[in-house]
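Notes follow the structure.
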Amino acid sequence: MELPSACLNYTLAVIRRIALGLLIALAALGCGPSQSLPADRAIVILISIDGWRWDYLERFSPPTLSRLATEGVRAEGLIPQFPSKTFPNHYTIVTGLTLAHHGIVSNNMQAPDIPGTFSMSNRDVLADPRWWGGDPIWNTAERQGKVAAAMFWPGSETRIGGRQATFWRDFDDDLPNHERVSQLIEWLKLPEGKRPSFLTLYFSDVDNAGHRWGPDSEQAREAALRVDRSVGELVAGVASAGLTERVNYVIVSDHGMAALSLDRMIVVDDYLDPATAEIVDWAPVLGLSPKDGDVEKMYAALKNQHPHLHVYRRDEIPAVYGLAGHPRVAPIVGIADEGWYITSKTETDRWLQHERNSPGGTHGYDARAKSMQGLFIASGPRLRRGLILKPFENIHLYNLMCAVIGIEPSKNDGDPAVTAGMLR
Ligand code: AMP
Ligand code: ZN
Ligand code: ZN
């Protein structure tokens, strides 16, 4: 059947109008052929809000982070590596490597071939490059001609693989958040060529409040809103530097937070004399080395003694944790169930004396526990708009950030396919 030509023209005009409308709608969603920023001009600011549990975004409605999430990509959770602690996870985020591959297997550890005990407060030991494997993204970027800057990040103070970011600061948790943001903006205001394309920023308030008062406390909410204001200050600073069209924010946390209770304490003194062991790590993952070298005796004293403490010899750690036999793992490891805390009589006595009804919160548990999931928001001109994803592992972020600034990632354990759909 033939259509009269006036009718055909009208039909074509309607189809054209619908197609145009669709294109505009798709572009607004960030999935159309929009004028996206070329990678070589893109800047990534990687922000860590330590201890921000996955559900704080909805529970506390922080205005700036909520807006960035709406305008960008967010995940319902970010899955950490085990143990869900600060140093191992921050270093996975910037290398894309498992703990066994990058070597930072805990916040506190010892190695057969490196002197001293690695711990967050032991600056001289942290500065030894032998601890730090892999290629952190600031080095990947600088090797490919970009400039990088770290406003705090585990590993950023150490020369790893013979190099370091051009700009970095000695860790000082007393440096007010406002000054951290100002420093970052100062770096961003440098002239093209000197200006970093990859920057980090770190906040500890939310983790501190979660430990002291627990994840459900008013103090945790206040800390979250305080950090949100600092992120707001940063976004305003980026605008004043005229860089809004180039900056992509990748906002993460290293882990979540679980509430503790005085009813869920595992007191080591009940099973052994703490003086007979070198206790490298405490809670919720115990790392023990018997001073007399008798691993079997100490193992037998702890094994199957408490229903919420799972005790393993180094070689027996379940495969799901990926750490079995690792030389930096203590000879005996005890893993507490979610919400259980491993402590000493001295510490519990102190709590009781101070009449603290709530021992607050902690993390470090099995990464499959929902409470251990963290935050993921990615927002900016290289990223899609209005996308909400299921939780994924933090191991994939390195490839994503490399793709945003257009650098070739070093060998890593992430899968670029997991995050490829986030890019415009
Ligand atoms: P965690 O309890 O595992 O979440 O550790 C959190 C603590 O790590 C924070 O309170 C900071 O004081 C500390 N921290 C974070 N980044 C660094 C760093 N680059 N150097 C030393 N300590 C750090
Ligand atoms: Zn942390
Ligand atoms: Zn913490």
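Labels for the structure tokens follow display order: chains A, B, ..., residues from 1 in each chain, ligands from 1.
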
Within 7 Å of ligand 2, counting only C-alpha atoms and all ligand atoms, residues as a list in words: Asp50, Gly51, Lys85, Thr86, Asp207, Asp254 and His255 of chain A

For the selection just defined, write its residues with all heavy atoms to a file, as a short mmCIF file (atom, residue, chain, number, x, y, z; two decimals), in the first residue's frame.
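Result saved to result_18.cif:
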```
data_model
loop_
_atom_site.label_atom_id
_atom_site.label_comp_id
_atom_site.auth_asym_id
_atom_site.auth_seq_id
_atom_site.Cartn_x
_atom_site.Cartn_y
_atom_site.Cartn_z
N ASP A 50 38.03 7.68 55.25
CA ASP A 50 38.32 6.44 55.97
C ASP A 50 37.11 6.01 56.80
O ASP A 50 36.52 6.80 57.53
CB ASP A 50 39.54 6.69 56.89
CG ASP A 50 40.21 5.40 57.30
OD1 ASP A 50 39.51 4.48 57.76
OD2 ASP A 50 41.44 5.30 57.15
N GLY A 51 36.75 4.73 56.68
CA GLY A 51 35.71 4.15 57.53
C GLY A 51 34.28 4.57 57.21
O GLY A 51 33.39 4.36 58.03
N LYS A 85 41.13 -3.43 56.62
CA LYS A 85 41.88 -2.42 57.39
C LYS A 85 42.42 -1.35 56.45
O LYS A 85 42.49 -1.55 55.23
CB LYS A 85 43.06 -3.09 58.09
CG LYS A 85 42.63 -4.03 59.20
CD LYS A 85 42.42 -3.26 60.48
CE LYS A 85 42.31 -4.20 61.67
NZ LYS A 85 42.15 -3.46 62.91
N THR A 86 42.88 -0.27 57.06
CA THR A 86 43.25 0.93 56.30
C THR A 86 44.42 0.74 55.33
O THR A 86 44.28 1.01 54.14
CB THR A 86 43.60 2.06 57.30
OG1 THR A 86 42.41 2.35 58.02
CG2 THR A 86 44.10 3.30 56.61
N ASP A 207 36.19 7.57 60.36
CA ASP A 207 36.73 6.35 60.97
C ASP A 207 36.92 6.55 62.47
O ASP A 207 36.55 5.69 63.27
CB ASP A 207 38.06 5.98 60.30
CG ASP A 207 38.61 4.67 60.81
OD1 ASP A 207 37.99 3.62 60.55
OD2 ASP A 207 39.65 4.68 61.48
N ASP A 254 37.87 2.90 52.57
CA ASP A 254 38.67 1.68 52.59
C ASP A 254 37.93 0.49 53.16
O ASP A 254 38.29 -0.66 52.89
CB ASP A 254 39.98 1.94 53.37
CG ASP A 254 39.75 2.65 54.70
OD1 ASP A 254 38.62 3.10 54.98
OD2 ASP A 254 40.72 2.76 55.48
N HIS A 255 36.88 0.76 53.94
CA HIS A 255 36.12 -0.30 54.62
C HIS A 255 34.96 0.36 55.33
O HIS A 255 34.90 1.60 55.41
CB HIS A 255 37.00 -1.04 55.63
CG HIS A 255 37.73 -0.09 56.54
ND1 HIS A 255 37.10 0.63 57.53
CD2 HIS A 255 39.02 0.32 56.56
CE1 HIS A 255 37.97 1.41 58.13
NE2 HIS A 255 39.16 1.26 57.56
#
```

Selection: 6 Å around Asn108 of chain A, only C-alpha atoms, excl. self and same-chain fewer than 5 positions, as a list in words: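 Using only C-alpha atoms, the neighbours found are Phe118, Ser119 and Asp281 of chain A.
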
Expected selection as a PyMOL selection string for ligand 1 within 8 Å, only C-alpha atoms and all ligand atoms: chain A and resi 50-51+84-87+107+120-121+123+152-157+170-173+202+204-205+207-208+211+254-255+362-364

Polymer residues at most 8 Å from Ala283 of chain A, only C-alpha atoms, same-chain spacing of 6 or more positions, as a ChimeraX atom specification: /A:336,341-343,364

Suppose we keep C-alpha atoms; can you now write the selection as a PDB file, in the first residue's frame?
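This went into part08.pdb:
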```
ATOM      1  CA  ALA A 336      36.902 -12.980  65.023  1.00  0.00           C
ATOM      2  CA  TYR A 341      36.463  -7.936  69.471  1.00  0.00           C
ATOM      3  CA  ILE A 342      39.735  -9.568  70.508  1.00  0.00           C
ATOM      4  CA  THR A 343      41.181  -7.858  73.511  1.00  0.00           C
ATOM      5  CA  GLY A 364      38.926  -5.703  59.757  1.00  0.00           C
TER       6      GLY A 364
END
```

Within 7 Å of Val94 of chain A, counting only C-alpha atoms, which residues qualify if same-chain residues fewer than 6 places away don't, as a PDB file with all heavy atoms, in the first residue's frame?
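To be explicit, this is the file written out as part-v7.pdb:
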```pdb
ATOM      1  N   PRO A 136      52.067   1.965  42.448  1.00  0.00           N
ATOM      2  CA  PRO A 136      50.949   2.853  42.776  1.00  0.00           C
ATOM      3  C   PRO A 136      50.667   3.830  41.630  1.00  0.00           C
ATOM      4  O   PRO A 136      51.591   4.228  40.912  1.00  0.00           O
ATOM      5  CB  PRO A 136      51.420   3.581  44.039  1.00  0.00           C
ATOM      6  CG  PRO A 136      52.899   3.393  44.094  1.00  0.00           C
ATOM      7  CD  PRO A 136      53.210   2.122  43.361  1.00  0.00           C
ATOM      8  N   ILE A 137      49.428   4.188  41.481  1.00  0.00           N
ATOM      9  CA  ILE A 137      49.008   4.964  40.299  1.00  0.00           C
ATOM     10  C   ILE A 137      49.754   6.286  40.165  1.00  0.00           C
ATOM     11  O   ILE A 137      49.970   6.768  39.055  1.00  0.00           O
ATOM     12  CB  ILE A 137      47.467   5.148  40.280  1.00  0.00           C
ATOM     13  CG1 ILE A 137      47.028   5.862  39.000  1.00  0.00           C
ATOM     14  CG2 ILE A 137      46.954   5.819  41.529  1.00  0.00           C
ATOM     15  CD1 ILE A 137      45.546   5.822  38.727  1.00  0.00           C
ATOM     16  N   TYR A 398      41.906   0.822  40.260  1.00  0.00           N
ATOM     17  CA  TYR A 398      43.157   1.265  39.619  1.00  0.00           C
ATOM     18  C   TYR A 398      42.972   1.368  38.104  1.00  0.00           C
ATOM     19  O   TYR A 398      43.308   2.391  37.492  1.00  0.00           O
ATOM     20  CB  TYR A 398      44.278   0.287  39.989  1.00  0.00           C
ATOM     21  CG  TYR A 398      45.584   0.482  39.255  1.00  0.00           C
ATOM     22  CD1 TYR A 398      46.472   1.485  39.614  1.00  0.00           C
ATOM     23  CD2 TYR A 398      45.932  -0.370  38.203  1.00  0.00           C
ATOM     24  CE1 TYR A 398      47.690   1.645  38.944  1.00  0.00           C
ATOM     25  CE2 TYR A 398      47.143  -0.218  37.532  1.00  0.00           C
ATOM     26  CZ  TYR A 398      48.011   0.787  37.904  1.00  0.00           C
ATOM     27  OH  TYR A 398      49.207   0.940  37.237  1.00  0.00           O
TER      28      TYR A 398
END
```

Those in segment 381-413 of chain A with helix (DSSP H, G or I) from DSSP, as JSON, numbers by chain: {"A": [394, 395, 396, 397, 398, 399, 400, 401, 402, 403, 404, 405]}

8 Å contact set for Leu46 of chain A, only C-alpha atoms, chain neighbours under 5 positions out, as JSON, numbers by chain: {"A": [198, 199, 200, 201, 249, 250, 251, 252]}

Next, the residues of the selection above should be written as a compact mmCIF listing (two decimals), in the first residue's frame with C-alpha atoms.
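Output contents, as saved in selection-v4.txt:
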```txt
# COMPACT_ATOMS: atom_id res chain seq x y z
CA PHE A 198 46.21 12.71 39.58
CA LEU A 199 45.72 13.80 43.20
CA THR A 200 44.74 12.12 46.44
CA LEU A 201 43.01 13.52 49.51
CA TYR A 249 36.13 12.87 41.62
CA VAL A 250 36.62 9.27 42.69
CA ILE A 251 35.36 9.15 46.26
CA VAL A 252 35.90 5.97 48.22
```

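The list of residues with at least one atom within 8 Å of Gln219 of chain A, based on only C-alpha atoms and without residues fewer than 6 positions apart in the same chain, reads Ala209, Gly210 and Trp213 of chain A.
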
Using all heavy atoms, can you export the residues from the last selection as an mmCIF file, in the first residue's frame?
```
data_model
loop_
_atom_site.group_PDB
_atom_site.id
_atom_site.type_symbol
_atom_site.label_atom_id
_atom_site.label_comp_id
_atom_site.auth_asym_id
_atom_site.auth_seq_id
_atom_site.Cartn_x
_atom_site.Cartn_y
_atom_site.Cartn_z
ATOM 1 N N ALA A 209 35.395 8.588 64.498
ATOM 2 C CA ALA A 209 34.102 8.630 65.203
ATOM 3 C C ALA A 209 33.483 7.238 65.267
ATOM 4 O O ALA A 209 32.906 6.849 66.289
ATOM 5 C CB ALA A 209 33.154 9.610 64.504
ATOM 6 N N GLY A 210 33.616 6.473 64.194
ATOM 7 C CA GLY A 210 33.070 5.107 64.167
ATOM 8 C C GLY A 210 33.726 4.220 65.217
ATOM 9 O O GLY A 210 33.055 3.440 65.889
ATOM 10 N N TRP A 213 32.673 5.882 68.882
ATOM 11 C CA TRP A 213 31.256 5.946 69.270
ATOM 12 C C TRP A 213 30.367 4.910 68.578
ATOM 13 O O TRP A 213 29.196 4.785 68.912
ATOM 14 C CB TRP A 213 30.695 7.348 68.981
ATOM 15 C CG TRP A 213 31.508 8.438 69.602
ATOM 16 C CD1 TRP A 213 32.435 9.228 68.990
ATOM 17 C CD2 TRP A 213 31.506 8.836 70.980
ATOM 18 N NE1 TRP A 213 33.003 10.093 69.888
ATOM 19 C CE2 TRP A 213 32.445 9.883 71.114
ATOM 20 C CE3 TRP A 213 30.792 8.418 72.103
ATOM 21 C CZ2 TRP A 213 32.699 10.509 72.336
ATOM 22 C CZ3 TRP A 213 31.044 9.051 73.313
ATOM 23 C CH2 TRP A 213 31.980 10.075 73.427
#
```
